[in-house]
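work_23.cif (mmCIF, C-alpha atoms)
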data_final
#
loop_
_atom_site.label_atom_id
_atom_site.label_comp_id
_atom_site.auth_asym_id
_atom_site.auth_seq_id
_atom_site.Cartn_x
_atom_site.Cartn_y
_atom_site.Cartn_z
CA MET A 241 31.76 41.09 -106.72
CA ASN A 242 28.36 42.82 -106.43
CA ILE A 243 26.71 44.06 -103.28
CA GLU A 244 24.41 41.04 -102.96
CA GLN A 245 27.33 38.69 -103.03
CA ILE A 246 29.10 40.80 -100.42
CA LYS A 247 26.06 40.71 -98.15
CA SER A 248 25.83 36.96 -98.55
CA LEU A 249 29.49 36.55 -97.68
CA LEU A 250 29.06 38.88 -94.74
CA ALA A 251 26.23 36.82 -93.32
CA ARG A 252 28.30 33.67 -93.65
CA PHE A 253 31.24 35.49 -92.02
CA TYR A 254 29.15 36.29 -88.96
CA GLU A 255 28.13 32.66 -88.82
CA GLY A 256 31.78 31.62 -88.93
CA GLN A 257 31.36 29.76 -92.20
CA THR A 258 33.67 31.73 -94.46
CA THR A 259 36.95 30.45 -95.77
CA PRO A 260 40.13 32.51 -95.48
CA GLU A 261 39.89 33.30 -99.19
CA GLU A 262 36.36 34.65 -98.77
CA GLU A 263 37.45 36.71 -95.77
CA ARG A 264 40.21 38.22 -97.89
CA LEU A 265 37.63 39.16 -100.51
CA LEU A 266 35.54 40.87 -97.84
CA ALA A 267 38.62 42.67 -96.48
CA ASP A 268 39.53 43.92 -99.94
CA PHE A 269 35.97 45.13 -100.46
CA PHE A 270 35.76 46.96 -97.14
CA ARG A 271 39.10 48.64 -97.65
CA ARG A 272 37.64 50.48 -100.67
CA GLU A 273 36.36 54.04 -100.40
CA ASP A 274 33.03 53.40 -102.17
CA VAL A 275 31.46 51.11 -99.59
CA PRO A 276 27.65 51.68 -99.52
CA GLU A 277 26.18 53.57 -96.58
CA ASP A 278 24.26 50.60 -95.24
CA LEU A 279 27.46 48.58 -95.01
CA GLN A 280 29.54 51.22 -93.24
CA GLU A 281 28.96 49.71 -89.81
CA ASP A 282 29.87 46.30 -91.13
CA LYS A 283 32.98 47.85 -92.68
CA GLN A 284 34.12 49.25 -89.34
CA LEU A 285 33.38 46.04 -87.52
CA PHE A 286 34.99 43.84 -90.15
CA LEU A 287 38.18 45.94 -90.37
CA LEU A 288 38.41 46.01 -86.58
CA LEU A 289 38.08 42.25 -86.38
CA ALA A 290 40.62 41.84 -89.16
CA GLN A 291 43.17 43.98 -87.25
CA THR A 292 42.76 42.24 -83.94
CA SER A 293 42.26 38.70 -85.12
CA ASP A 294 45.92 37.72 -84.55
CA GLN A 295 46.30 39.30 -81.14
CA GLU A 296 46.20 37.13 -78.05
CA MET A 297 43.44 37.73 -75.57
CA PRO A 298 43.51 36.77 -71.90
CA GLN A 299 41.30 33.86 -71.00
CA ASP A 300 39.01 35.76 -68.66
CA ILE A 301 38.16 38.43 -71.25
CA ALA A 302 37.58 35.80 -73.90
CA ASP A 303 35.19 34.02 -71.54
CA GLU A 304 33.24 37.23 -70.95
CA ILE A 305 32.89 37.85 -74.65
CA ALA A 306 31.83 34.29 -75.24
CA ALA A 307 29.21 34.59 -72.47
CA PHE A 308 27.94 37.88 -73.91
CA VAL A 309 27.60 36.34 -77.33
CA ASN A 310 25.82 33.32 -75.92
CA ASN A 311 23.38 35.54 -74.03
CA LEU A 312 22.48 37.75 -76.97
CA GLY A 313 19.30 35.87 -77.66
CA LYS A 314 18.28 35.70 -73.97
CA SER A 315 18.59 39.41 -72.96
CA ASP A 316 17.32 42.83 -74.02
CA ILE A 317 20.46 43.52 -75.98
CA GLN A 318 19.53 43.62 -79.65
CA PRO A 319 22.00 42.47 -82.24
CA LEU A 320 22.80 44.59 -85.26
CA THR A 321 19.79 44.57 -87.59
CA HIS A 322 21.63 43.47 -90.69
CA VAL A 323 23.20 40.53 -88.90
CA SER A 324 21.03 37.43 -88.63
CA GLN A 325 23.15 35.54 -86.18
CA GLN A 326 26.27 36.10 -84.22
CA ARG A 327 28.83 33.42 -84.20
CA LYS A 328 28.73 31.69 -80.89
CA GLY A 329 31.79 30.60 -79.10
CA VAL A 330 35.26 31.89 -78.81
CA ILE A 331 36.40 34.19 -81.59
CA PHE A 332 39.86 35.13 -80.46
CA ARG A 333 42.80 32.84 -79.86
CA LEU A 334 43.43 32.10 -76.25
CA LYS A 335 46.99 32.10 -75.06
CA THR A 336 48.67 33.17 -71.83
CA PRO A 337 51.65 35.41 -72.57
CA PRO A 338 54.88 33.77 -71.42
CA LYS A 339 55.81 36.56 -69.01
CA MET A 340 57.93 34.26 -66.84
CA TRP A 341 60.12 33.25 -69.79
CA TYR A 342 60.71 36.86 -70.73
CA ARG A 343 61.87 37.60 -67.21
CA VAL A 344 64.14 34.58 -67.12
CA ALA A 345 65.63 35.45 -70.50
CA ALA A 346 66.16 39.08 -69.49
CA THR A 347 67.82 38.05 -66.22
CA VAL A 348 70.14 35.61 -67.97
CA ALA A 349 71.06 38.21 -70.59
CA ILE A 350 71.87 40.79 -67.92
CA LEU A 351 73.96 38.33 -65.92
CA LEU A 352 75.86 37.27 -69.05
CA ALA A 353 76.53 40.90 -69.97
CA ILE A 354 77.79 41.73 -66.49
CA GLY A 355 79.90 38.59 -66.29
CA GLY A 356 81.36 39.14 -69.74
CA GLY A 357 82.15 42.75 -68.94
CA MET A 358 83.87 41.81 -65.71
CA PHE A 359 85.90 39.10 -67.44
CA ILE A 360 87.08 41.49 -70.16
CA HIS A 361 87.91 44.16 -67.58
CA GLN A 362 89.91 41.63 -65.55
CA GLN A 363 91.88 40.50 -68.58
CA ARG A 364 92.69 44.10 -69.49
CA THR A 365 93.72 44.86 -65.90
CA LEU A 366 96.04 41.86 -65.81
CA ALA A 367 97.61 42.85 -69.10
CA THR A 368 98.31 46.40 -67.92
CA ASP A 369 99.20 45.61 -64.28
CA PRO A 370 102.25 47.78 -63.52
CA PHE A 371 103.43 45.35 -60.85
CA ARG A 372 103.61 42.22 -62.94
CA ASP A 373 107.00 40.73 -63.76
CA THR A 374 108.60 42.24 -66.85
CA CYS A 375 111.53 39.81 -66.84
CA SER A 376 110.72 36.50 -68.44
CA THR A 377 113.88 34.68 -67.29
CA PRO A 378 116.14 34.78 -64.21
CA GLU A 379 119.00 35.84 -66.51
CA GLU A 380 117.05 38.94 -67.50
CA ALA A 381 116.38 39.62 -63.83
CA ALA A 382 120.10 39.26 -63.08
CA ASP A 383 120.94 41.79 -65.82
CA ALA A 384 118.36 44.17 -64.35
CA ILE A 385 119.92 43.77 -60.89
CA PHE A 386 123.36 44.64 -62.28
CA TYR A 387 121.84 47.67 -64.02
CA ALA A 388 120.20 48.78 -60.75
CA ASN A 389 123.55 48.31 -59.03
CA ASP A 390 125.17 50.71 -61.51
CA ILE A 391 122.49 53.30 -60.80
CA ILE A 392 123.00 52.97 -57.04
CA ASN A 393 126.77 53.22 -57.44
CA ARG A 394 126.44 56.40 -59.48
CA SER A 395 124.14 57.82 -56.81
CA THR A 396 126.34 56.95 -53.85
CA ALA A 397 129.63 57.95 -55.51
CA PRO A 398 129.41 61.67 -54.51
CA PHE A 399 128.73 60.69 -50.88
CA LEU A 400 131.59 58.23 -50.88
CA ARG A 401 133.95 60.84 -52.31
CA SER A 402 132.82 63.34 -49.66
CA THR A 403 133.26 60.71 -47.00
CA MET A 404 136.76 59.94 -48.25
CA ILE A 405 137.66 63.62 -48.31
CA ALA A 406 136.25 64.13 -44.83
CA THR A 407 138.09 61.06 -43.58
CA GLU A 408 141.35 62.39 -44.98
CA GLN A 409 140.78 65.73 -43.36
CA VAL A 410 140.00 64.12 -40.03
CA ASN A 411 143.16 62.07 -40.36
CA ASP A 412 145.15 65.24 -41.08
CA ILE A 413 143.67 66.92 -38.05
CA ASN A 414 144.44 63.96 -35.86
CA GLU A 415 147.99 63.88 -37.15
CA THR A 416 148.43 67.57 -36.38
CA LEU A 417 146.91 67.13 -32.92
CA GLY A 418 149.28 64.24 -32.33
CA LYS A 419 152.22 66.46 -33.08
CA ILE A 420 151.18 69.23 -30.75
CA GLN A 421 149.85 66.95 -27.99
CA PRO A 422 153.18 66.69 -26.15
CA TYR A 423 153.40 70.45 -25.99
CA ILE A 424 149.81 70.75 -24.69
CA ASN A 425 150.39 68.23 -21.94
CA GLN A 426 153.49 70.00 -20.70
CA MET B 63 72.01 53.92 -44.87
CA LYS B 64 74.64 52.57 -42.48
CA ARG B 65 75.51 49.81 -44.89
CA ILE B 66 75.92 52.27 -47.72
CA LEU B 67 78.23 54.41 -45.62
CA LEU B 68 80.25 51.38 -44.55
CA VAL B 69 80.69 50.21 -48.13
CA ALA B 70 81.71 53.72 -49.19
CA VAL B 71 84.31 53.96 -46.43
CA ILE B 72 85.80 50.59 -47.31
CA ALA B 73 85.94 51.55 -50.98
CA LEU B 74 87.67 54.84 -50.19
CA CYS B 75 90.26 53.06 -48.06
CA GLY B 76 91.06 50.84 -51.00
CA ILE B 77 91.38 53.81 -53.29
CA ALA B 78 93.67 55.64 -50.84
CA ALA B 79 95.91 52.61 -50.47
CA GLN B 80 96.41 52.50 -54.22
CA ALA B 81 97.07 56.24 -54.59
CA GLN B 82 100.72 56.12 -53.60
CA ASN B 83 101.50 53.54 -56.25
CA LYS B 84 100.09 55.71 -59.01
CA ILE B 85 103.37 57.52 -59.45
CA PHE B 86 105.00 54.32 -60.65
CA GLU B 87 101.97 52.92 -62.44
CA LYS B 88 101.88 55.67 -65.02
CA TYR B 89 105.46 54.97 -66.09
CA ALA B 90 104.66 51.31 -66.70
CA LYS B 91 102.60 52.33 -69.72
CA MET B 92 104.46 55.45 -70.84
CA ASP B 93 106.22 55.62 -74.19
CA GLY B 94 109.91 56.46 -74.13
CA VAL B 95 110.36 55.07 -70.62
CA GLU B 96 112.05 51.80 -69.73
CA TYR B 97 110.14 50.09 -66.96
CA VAL B 98 111.33 46.93 -65.22
CA CYS B 99 109.49 45.21 -62.40
CA ILE B 100 110.93 42.17 -60.69
CA ASN B 101 108.75 40.37 -58.18
CA LYS B 102 109.67 38.04 -55.41
CA ALA B 103 110.35 34.75 -57.17
CA MET B 104 112.14 36.25 -60.18
CA PHE B 105 114.16 38.60 -57.95
CA SER B 106 115.38 35.72 -55.84
CA ALA B 107 116.31 33.69 -58.92
CA GLY B 108 118.05 36.65 -60.57
CA LEU B 109 119.94 37.55 -57.44
CA SER B 110 121.20 34.01 -56.96
CA ILE B 111 122.58 34.16 -60.52
CA ALA B 112 124.02 37.67 -60.09
CA THR B 113 125.64 37.30 -56.65
CA GLY B 114 126.91 34.30 -54.82
CA GLY B 115 129.58 36.51 -53.23
CA GLN B 116 130.76 38.05 -56.49
CA VAL B 117 132.40 41.46 -56.37
CA VAL B 118 131.60 43.91 -59.15
CA VAL B 119 133.90 46.87 -59.69
CA ASP B 120 132.09 49.91 -60.95
CA GLU B 121 133.82 52.02 -63.59
CA ALA B 122 132.85 55.26 -61.89
CA ASN B 123 134.91 54.56 -58.79
CA THR B 124 137.58 52.17 -57.70
CA GLN B 125 135.61 50.71 -54.83
CA GLY B 126 134.28 47.23 -55.30
CA THR B 127 130.53 46.72 -54.79
CA ASP B 128 128.99 43.69 -53.29
CA LEU B 129 125.59 42.81 -54.74
CA SER B 130 124.63 41.07 -51.54
CA LYS B 131 123.17 44.39 -50.36
CA PHE B 132 120.15 43.48 -52.48
CA ALA B 133 119.58 40.45 -50.23
CA ASN B 134 117.66 42.69 -47.79
CA TYR B 135 114.96 43.19 -50.43
CA ASN B 136 112.80 40.85 -52.49
CA ARG B 137 111.19 43.12 -55.08
CA MET B 138 112.49 45.86 -57.33
CA ILE B 139 111.25 48.38 -59.83
CA ILE B 140 113.60 50.22 -62.22
CA ILE B 141 112.43 53.20 -64.24
CA THR B 142 114.69 54.90 -66.80
CA ALA B 143 113.47 57.95 -68.67
CA LYS B 144 115.23 59.80 -71.46
CA GLY B 145 114.53 62.90 -73.48
CA ASP B 146 111.59 65.00 -72.39
CA LYS B 147 110.39 62.30 -69.99
CA LYS B 148 113.60 62.63 -67.96
CA GLN B 149 112.58 65.85 -66.25
CA VAL B 150 109.03 64.60 -65.71
CA LEU B 151 110.29 61.60 -63.78
CA TYR B 152 112.73 63.71 -61.77
CA ASN B 153 110.01 66.20 -60.86
CA ASP B 154 107.73 63.39 -59.69
CA ILE B 155 110.47 62.13 -57.37
CA GLN B 156 111.01 65.62 -56.01
CA LYS B 157 107.29 65.84 -55.26
CA LEU B 158 107.56 62.56 -53.44
CA ALA B 159 110.44 63.97 -51.41
CA LYS B 160 108.07 66.68 -50.18
CA ASP B 161 105.33 64.18 -49.36
CA LYS B 162 104.72 63.81 -45.66
CA ASP B 163 104.83 60.02 -45.89
CA TYR B 164 108.34 60.02 -47.33
CA GLU B 165 111.59 60.90 -45.60
CA LEU B 166 114.39 62.50 -47.59
CA LEU B 167 117.49 60.65 -46.44
CA MET B 168 120.14 62.14 -48.68
CA GLN B 169 120.40 64.41 -51.65
CA SER B 170 123.47 65.32 -53.64
CA HIS B 171 124.30 67.64 -56.48
CA SER B 172 127.58 67.37 -58.36
CA ALA B 173 129.28 69.68 -60.82
CA ASP B 174 128.92 67.22 -63.68
CA GLY B 175 125.14 67.26 -63.29
CA ASN B 176 124.95 63.87 -61.61
CA ASP B 177 122.28 64.42 -58.91
CA ALA B 178 120.98 61.78 -56.52
CA THR B 179 118.04 61.56 -54.16
CA PHE B 180 117.45 58.91 -51.54
CA LEU B 181 113.94 58.47 -50.12
CA HIS B 182 112.48 56.21 -47.52
CA ASN B 183 108.80 55.49 -47.04
CA GLU B 184 108.50 55.49 -43.29
CA LYS B 185 104.76 55.44 -42.80
CA ALA B 186 103.08 53.33 -45.44
CA ASN B 187 105.94 50.93 -46.16
CA PRO B 188 109.10 51.04 -44.01
CA ASN B 189 110.65 48.45 -46.32
CA GLU B 190 110.47 50.75 -49.35
CA PHE B 191 113.65 52.51 -50.42
CA ILE B 192 113.88 54.79 -53.45
CA ILE B 193 117.05 55.93 -55.21
CA CYS B 194 116.80 58.52 -57.97
CA ASN B 195 119.73 59.47 -60.16
CA ILE B 196 119.61 62.12 -62.86
CA ARG B 197 122.40 62.88 -65.29
CA GLU B 198 122.74 64.33 -68.74
CA GLU B 199 121.70 61.18 -70.58
CA ASP B 200 118.77 60.03 -68.45
CA CYS B 201 116.98 59.89 -65.15
CA SER B 202 116.80 56.54 -63.39
CA VAL B 203 114.81 55.46 -60.36
CA VAL B 204 115.35 52.25 -58.42
CA VAL B 205 112.64 51.23 -55.97
CA LEU B 206 113.69 48.51 -53.56
CA LEU B 207 110.88 46.77 -51.73
CA LYS B 208 110.54 44.01 -49.23
CA ASP B 209 107.25 42.19 -48.92
CA LYS B 210 106.43 40.53 -45.65
#

Could the structure of this file be written out as structure tokens, please?
Amino acid sequence: MNIEQIKSLLARFYEGQTTPEEERLLADFFRREDVPEDLQEDKQLFLLLAQTSDQEMPQDIADEIAAFVNNLGKSDIQPLTHVSQQRKGVIFRLKTPPKMWYRVAATVAILLAIGGGMFIHQQRTLATDPFRDTCSTPEEAADAIFYANDIINRSTAPFLRSTMIATEQVNDINETLGKIQPYINQ
Amino acid sequence: MKRILLVAVIALCGIAAQAQNKIFEKYAKMDGVEYVCINKAMFSAGLSIATGGQVVVDEANTQGTDLSKFANYNRMIIITAKGDKKQVLYNDIQKLAKDKDYELLMQSHSADGNDATFLHNEKANPNEFIICNIREEDCSVVVLLKDK
């Protein structure tokens, strides 16, 4: 495309009459290094608009821009000389960011993560609880009780033997005392 | 600030209450250690199968043993450690014997290496009774408990 065609497209762009294909042609032209000096300002403006065209703008700012554009012809503010008309009306898409939904989603995600973590921790704790039953049947429990009884018997056996020995010795002493008692009482 | 302190105190009480059970908890998960825990319902069922007035004669002595002595308790833990874990378990019981909450009732040492220790938890749980027996093959601990 030659420069005259570019300028014609540019004028139509500012009037909001270009098609997306024509806007792509303009974007490709302005991305080149050899843009003429008199189109440098248009290049900067066009590339800036192309970058921000998909971003969402708050309603109040969009209204201010629209008012400014509408008042261009009524005030001392002069438009750019190579632009015949500015497009009137809203340029940018208006959309309120769904901040509330983000908060709700974040809260739900955090609650699910905490709840899931607690559930997993509880399951692991139950599985490794040292005070849960290890016997699955009463018969197993009965065998364990007999085993414990053997341990207790082994442990008490030395005391029982000592007790038996001491009892025998006491009996011997009593028997001896019984024999000498008549002589003591005399 | 007061609420934070109150929550911290309550949390610490919970932690302290669990501390004395740690000595048995670690053996529940230890390799090379046999760990048996019988809680109330299973203990009652097992005891009714095992006793009923039966007399069991132990091979170590000629005196008959009546299992009805277990009727005073309703929970039991049995820990048996062999090999290198044997001494670890025995040392833990000896530490418990020196604990101020535990009373050393009896301790015996025999020529054949069959040593026994009897402990009673007077302060935290008067219904807890611990018997530890160590011999050449293994070290066994029986913890008799009675829940209210």

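Across the structure, CA of Ile305 in chain A and CA of Leu289 in chain A are spaced 13.6 Å apart.
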
For this file, the PyMOL selection byres ((chain A and resi 394) around 9) selects which residues, as a list in words? Asn389, Asp390, Ile391, Ile392, Asn393, Ser395, Thr396, Ala397 and Pro398 of chain A; Asp120, Ala122, Asn123, Asn176, Ala178 and Asn195 of chain B

Assuming the chain letters and numbering stay as they are in my file, what does the PyMOL selection byres ((chain A and resi 374) around 7) actually select? List them as a list in words. Arg372, Asp373, Cys375 and Ser376 of chain A; Val98, Cys99 and Ile100 of chain B

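Here the question is which of B:Asn101, B:Asn187, B:Gln156, B:Asn136 gets nearest to chain A using all atoms listed in the file, and that residue is B:Asn101.
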
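Distance-wise, CA of Pro378 in chain A and CA of Ile155 in chain B end up 28.8 Å apart.
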
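Distance-wise, CA of Ala381 in chain A and CA of Lys148 in chain B end up 23.5 Å apart.
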
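Among the candidates B:Asp146, B:Glu87, B:Glu199, B:Asp174, the residue lying nearest to chain A is B:Glu87 (atoms considered: all atoms listed in the file).
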
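Using all atoms listed in the file for every distance, the candidate list B:Cys194, B:Asp93, B:Tyr164, B:Asp154 yields B:Cys194 as the residue closest to chain A.
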
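Once the PyMOL selection byres ((chain B and resi 163) around 12) is applied to the shown structure, the selection contains B:Gln82, B:Lys157, B:Leu158, B:Ala159, B:Lys160, B:Asp161, B:Lys162, B:Tyr164, B:Glu165, B:Leu166, B:Leu181, B:His182, B:Asn183, B:Glu184, B:Lys185, B:Ala186, B:Asn187, B:Pro188, B:Glu190.
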
Can I get the selected residues back with C-alpha atoms, as a PDB file, in the coordinates of the input?
ATOM      1  CA  GLN B  82     100.720  56.120 -53.600  1.00  0.00           C
ATOM      2  CA  LYS B 157     107.290  65.840 -55.260  1.00  0.00           C
ATOM      3  CA  LEU B 158     107.560  62.560 -53.440  1.00  0.00           C
ATOM      4  CA  ALA B 159     110.440  63.970 -51.410  1.00  0.00           C
ATOM      5  CA  LYS B 160     108.070  66.680 -50.180  1.00  0.00           C
ATOM      6  CA  ASP B 161     105.330  64.180 -49.360  1.00  0.00           C
ATOM      7  CA  LYS B 162     104.720  63.810 -45.660  1.00  0.00           C
ATOM      8  CA  TYR B 164     108.340  60.020 -47.330  1.00  0.00           C
ATOM      9  CA  GLU B 165     111.590  60.900 -45.600  1.00  0.00           C
ATOM     10  CA  LEU B 166     114.390  62.500 -47.590  1.00  0.00           C
ATOM     11  CA  LEU B 181     113.940  58.470 -50.120  1.00  0.00           C
ATOM     12  CA  HIS B 182     112.480  56.210 -47.520  1.00  0.00           C
ATOM     13  CA  ASN B 183     108.800  55.490 -47.040  1.00  0.00           C
ATOM     14  CA  GLU B 184     108.500  55.490 -43.290  1.00  0.00           C
ATOM     15  CA  LYS B 185     104.760  55.440 -42.800  1.00  0.00           C
ATOM     16  CA  ALA B 186     103.080  53.330 -45.440  1.00  0.00           C
ATOM     17  CA  ASN B 187     105.940  50.930 -46.160  1.00  0.00           C
ATOM     18  CA  PRO B 188     109.100  51.040 -44.010  1.00  0.00           C
ATOM     19  CA  GLU B 190     110.470  50.750 -49.350  1.00  0.00           C
TER      20      GLU B 190
END

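Residue nearest chain A within the list B:Tyr135, B:Gly94, B:Ser110, B:Leu167: B:Ser110 [criterion: smallest interatomic distance, only C-alpha atoms].
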
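Each of A:Arg271, A:Lys283, A:Arg401, A:Lys247 was checked against chain B using only C-alpha atoms; the smallest atom-to-atom distance is that of A:Arg401.
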
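Here the question is which of A:Ala353, A:Ala388, A:Ala302, A:Ala251 gets nearest to chain B using only C-alpha atoms, and that residue is A:Ala388.
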